[in-house]
>>> print(open('data_34.pdb').read())   # PDB, C-alpha atoms and all ligand atoms
ATOM      1  CA  MET A   1     -27.263 109.450  40.076  1.00  0.00           C
ATOM      2  CA  THR A   2     -23.911 108.439  38.618  1.00  0.00           C
ATOM      3  CA  ASP A   3     -21.234 107.492  41.092  1.00  0.00           C
ATOM      4  CA  PRO A   4     -18.722 110.401  41.096  1.00  0.00           C
ATOM      5  CA  LYS A   5     -15.860 107.909  40.812  1.00  0.00           C
ATOM      6  CA  VAL A   6     -17.345 106.289  37.723  1.00  0.00           C
ATOM      7  CA  ARG A   7     -17.721 109.748  36.211  1.00  0.00           C
ATOM      8  CA  LEU A   8     -14.167 110.594  37.177  1.00  0.00           C
ATOM      9  CA  LYS A   9     -12.803 107.420  35.588  1.00  0.00           C
ATOM     10  CA  GLY A  10     -14.528 108.322  32.325  1.00  0.00           C
ATOM     11  CA  LEU A  11     -13.149 111.839  32.476  1.00  0.00           C
ATOM     12  CA  ILE A  12      -9.613 110.634  33.064  1.00  0.00           C
ATOM     13  CA  ARG A  13      -9.749 108.165  30.188  1.00  0.00           C
ATOM     14  CA  LEU A  14     -11.146 110.853  27.917  1.00  0.00           C
ATOM     15  CA  GLN A  15      -8.419 113.321  28.777  1.00  0.00           C
ATOM     16  CA  SER A  16      -5.455 111.005  28.574  1.00  0.00           C
ATOM     17  CA  TRP A  17      -3.572 109.457  25.707  1.00  0.00           C
ATOM     18  CA  ILE A  18      -2.149 105.982  26.164  1.00  0.00           C
ATOM     19  CA  ASN A  19       1.441 105.886  25.033  1.00  0.00           C
ATOM     20  CA  PRO A  20       1.929 102.495  23.337  1.00  0.00           C
ATOM     21  CA  GLU A  21       5.643 102.458  24.186  1.00  0.00           C
ATOM     22  CA  ASN A  22       5.503 102.649  27.951  1.00  0.00           C
ATOM     23  CA  ALA A  23       1.767 102.258  28.669  1.00  0.00           C
ATOM     24  CA  CYS A  24       1.701 105.666  30.324  1.00  0.00           C
ATOM     25  CA  TRP A  25      -1.609 107.463  30.241  1.00  0.00           C
ATOM     26  CA  GLU A  26      -0.404 110.928  29.335  1.00  0.00           C
ATOM     27  CA  TRP A  27      -2.624 113.682  30.593  1.00  0.00           C
ATOM     28  CA  GLN A  28      -3.977 115.940  27.848  1.00  0.00           C
ATOM     29  CA  GLY A  29      -6.052 118.216  30.039  1.00  0.00           C
ATOM     30  CA  GLN A  30      -5.115 121.256  32.094  1.00  0.00           C
ATOM     31  CA  ILE A  31      -1.579 121.451  33.418  1.00  0.00           C
ATOM     32  CA  SER A  32      -0.528 123.334  36.528  1.00  0.00           C
ATOM     33  CA  ASN A  33       2.552 125.533  36.903  1.00  0.00           C
ATOM     34  CA  SER A  34       4.407 122.642  38.505  1.00  0.00           C
ATOM     35  CA  GLY A  35       4.015 120.599  35.324  1.00  0.00           C
ATOM     36  CA  HIS A  36       1.449 118.166  36.699  1.00  0.00           C
ATOM     37  CA  GLY A  37      -1.977 117.584  35.265  1.00  0.00           C
ATOM     38  CA  ARG A  38      -4.857 119.041  37.205  1.00  0.00           C
ATOM     39  CA  ILE A  39      -8.547 118.440  37.426  1.00  0.00           C
ATOM     40  CA  MET A  40     -11.519 119.805  39.327  1.00  0.00           C
ATOM     41  CA  LEU A  41     -13.185 117.054  41.286  1.00  0.00           C
ATOM     42  CA  SER A  42     -16.741 117.260  42.608  1.00  0.00           C
ATOM     43  CA  ASP A  43     -17.939 114.521  44.903  1.00  0.00           C
ATOM     44  CA  GLU A  44     -19.566 114.043  48.273  1.00  0.00           C
ATOM     45  CA  ASN A  45     -16.627 115.900  49.844  1.00  0.00           C
ATOM     46  CA  GLY A  46     -17.258 119.003  47.736  1.00  0.00           C
ATOM     47  CA  ARG A  47     -15.364 120.597  44.894  1.00  0.00           C
ATOM     48  CA  ARG A  48     -11.601 120.636  44.964  1.00  0.00           C
ATOM     49  CA  LEU A  49      -8.675 120.999  42.644  1.00  0.00           C
ATOM     50  CA  LEU A  50      -6.512 117.894  42.475  1.00  0.00           C
ATOM     51  CA  SER A  51      -3.535 116.867  40.466  1.00  0.00           C
ATOM     52  CA  ALA A  52      -4.520 114.506  37.663  1.00  0.00           C
ATOM     53  CA  GLU A  53      -2.544 111.666  39.241  1.00  0.00           C
ATOM     54  CA  GLN A  54      -4.307 112.136  42.576  1.00  0.00           C
ATOM     55  CA  ALA A  55      -7.675 112.145  40.835  1.00  0.00           C
ATOM     56  CA  SER A  56      -6.779 108.975  38.964  1.00  0.00           C
ATOM     57  CA  PHE A  57      -5.621 107.291  42.144  1.00  0.00           C
ATOM     58  CA  ILE A  58      -8.888 108.195  43.867  1.00  0.00           C
ATOM     59  CA  ALA A  59     -10.981 107.046  40.907  1.00  0.00           C
ATOM     60  CA  PHE A  60      -9.236 103.723  40.302  1.00  0.00           C
ATOM     61  CA  HIS A  61      -7.849 102.820  43.739  1.00  0.00           C
ATOM     62  CA  GLN A  62      -9.003 104.617  46.862  1.00  0.00           C
ATOM     63  CA  ASP A  63      -9.404 107.966  48.556  1.00  0.00           C
ATOM     64  CA  LEU A  64      -6.219 109.581  49.767  1.00  0.00           C
ATOM     65  CA  PRO A  65      -5.571 109.437  53.485  1.00  0.00           C
ATOM     66  CA  GLU A  66      -4.950 112.799  55.173  1.00  0.00           C
ATOM     67  CA  GLY A  67      -1.519 114.162  54.239  1.00  0.00           C
ATOM     68  CA  ALA A  68      -0.795 111.469  51.668  1.00  0.00           C
ATOM     69  CA  GLY A  69       0.339 112.123  48.130  1.00  0.00           C
ATOM     70  CA  VAL A  70       0.626 110.183  44.914  1.00  0.00           C
ATOM     71  CA  ARG A  71       3.738 109.623  42.860  1.00  0.00           C
ATOM     72  CA  GLN A  72       4.351 108.074  39.464  1.00  0.00           C
ATOM     73  CA  THR A  73       6.544 104.991  39.551  1.00  0.00           C
ATOM     74  CA  CYS A  74       7.356 105.646  35.869  1.00  0.00           C
ATOM     75  CA  ASN A  75       8.653 109.160  36.670  1.00  0.00           C
ATOM     76  CA  ASN A  76       6.384 110.664  34.040  1.00  0.00           C
ATOM     77  CA  ARG A  77       4.840 113.746  35.657  1.00  0.00           C
ATOM     78  CA  LEU A  78       1.867 113.660  33.319  1.00  0.00           C
ATOM     79  CA  CYS A  79       1.138 109.965  33.690  1.00  0.00           C
ATOM     80  CA  VAL A  80      -2.240 109.042  35.187  1.00  0.00           C
ATOM     81  CA  ASN A  81      -2.129 105.282  34.572  1.00  0.00           C
ATOM     82  CA  PRO A  82      -3.428 103.825  37.852  1.00  0.00           C
ATOM     83  CA  GLU A  83      -0.918 100.981  37.459  1.00  0.00           C
ATOM     84  CA  HIS A  84       1.903 103.525  37.581  1.00  0.00           C
ATOM     85  CA  LEU A  85       0.652 105.367  40.646  1.00  0.00           C
ATOM     86  CA  GLN A  86       1.777 104.780  44.180  1.00  0.00           C
ATOM     87  CA  LEU A  87       0.526 106.212  47.430  1.00  0.00           C
ATOM     88  CA  VAL A  88       3.123 108.179  49.351  1.00  0.00           C
ATOM     89  CA  GLU A  89       2.597 108.750  53.024  1.00  0.00           C
ATOM     90  CA  THR A  90       4.308 112.101  53.253  1.00  0.00           C
ATOM     91  CA  GLN A  91       4.206 112.234  57.049  1.00  0.00           C
ATOM     92  CA  THR A  92       3.898 109.786  59.865  1.00  0.00           C
ATOM     93  CA  PRO A  93       2.051 110.893  63.029  1.00  0.00           C
ATOM     94  CA  THR A  94       5.426 111.818  64.526  1.00  0.00           C
ATOM     95  CA  GLY A  95       6.169 114.131  61.613  1.00  0.00           C
ATOM     96  CA  GLU A  96       8.885 111.890  60.260  1.00  0.00           C
ATOM     97  CA  THR A  97       9.192 112.007  56.489  1.00  0.00           C
ATOM     98  CA  LEU A  98       8.994 108.706  54.686  1.00  0.00           C
ATOM     99  CA  GLN A  99      10.165 107.830  51.232  1.00  0.00           C
TER
HETATM  100 ZN    ZN B   1       3.369 105.940  33.505  1.00  0.00          ZN
END
>>> encode(input="data_34.pdb", output="structure tokens")
Amino acid sequence: MTDPKVRLKGLIRLQSWINPENACWEWQGQISNSGHGRIMLSDENGRRLLSAEQASFIAFHQDLPEGAGVRQTCNNRLCVNPEHLQLVETQTPTGETLQ
């Protein structure tokens, strides 16, 4: 059986367009109301709806820790280039909000 992450990588590449000017991988798939790409992910943890950047981060880097988010360092909401994605720990155990 194909590794779900390998499948996900293929899906992300297929649904994004690489902008030659800034190297952003611009998401061409479904877009949510908030203006972010979205994708349905099925893996060993079940089926869930993720933003495209979260899915890309999971596929190319690692699973997201509980409560963590992903942001684009290039400030392009549709970018899914793993090189432009950064993990954001939204909350520390004390509930403090980090940048
Ligand atoms: Zn980018």
>>> resolve_selection(input="data_34.pdb", expression="the PyMOL selection byres (((chain A and resi 76) around 12) and not hetatm)", output="list in words")
Asn19, Asn22, Ala23, Cys24, Trp25, Glu26, Trp27, Gly35, His36, Gly37, Glu53, Arg71, Gln72, Thr73, Cys74, Asn75, Arg77, Leu78, Cys79, Val80, Asn81, His84 and Leu85 of chain A
>>> atom_distance(input="data_34.pdb", atom1="CA of Glu66 in chain A", atom2="CA of Asn33 in chain A")
23.5 Å
>>> resolve_selection(input="data_34.pdb", expression="the PyMOL selection byres (((chain A and resi 14) around 12) and not hetatm)", output="VMD selection string")
chain A and resid 7 to 13 15 to 18 25 to 29 80
>>> atom_distance(input="data_34.pdb", atom1="CA of Pro20 in chain A", atom2="CA of Asp3 in chain A")
29.6 Å
>>> resolve_selection(input="data_34.pdb", expression="the PyMOL selection byres (((chain A and resi 58) around 12) and not hetatm)", output="ChimeraX atom specification")
/A:4-9,12,41,43,50-57,59-65,68-70,80-82,85-87
>>> residues_around(input="data_34.pdb", residues="Leu49 in chain A", least_positions_apart="5", cutoff="9 Å", atoms="only C-alpha atoms", output="PyMOL selection string")
chain A and resi 38-42
>>> closest_residue(input="data_34.pdb", among="A:Thr2, A:Glu44, A:Glu83, A:Ser32", to="ligand ZN 1 (chain B)", atoms="all atoms listed in the file")
A:Glu83
>>> axis_aligned_box(input="data_34.pdb", around="range 73-88 of chain A", padding_each_side="3 Å", output="lines of an AutoDock Vina configuration file")
center_x = 2.6
center_y = 107.4
center_z = 41.3
size_x = 18.1
size_y = 18.8
size_z = 22.0
>>> closest_residue(input="data_34.pdb", among="A:Val88, A:Glu21, A:Gln30, A:Arg48", to="ligand ZN 1 (chain B)", atoms="only C-alpha atoms and all ligand atoms")
A:Glu21
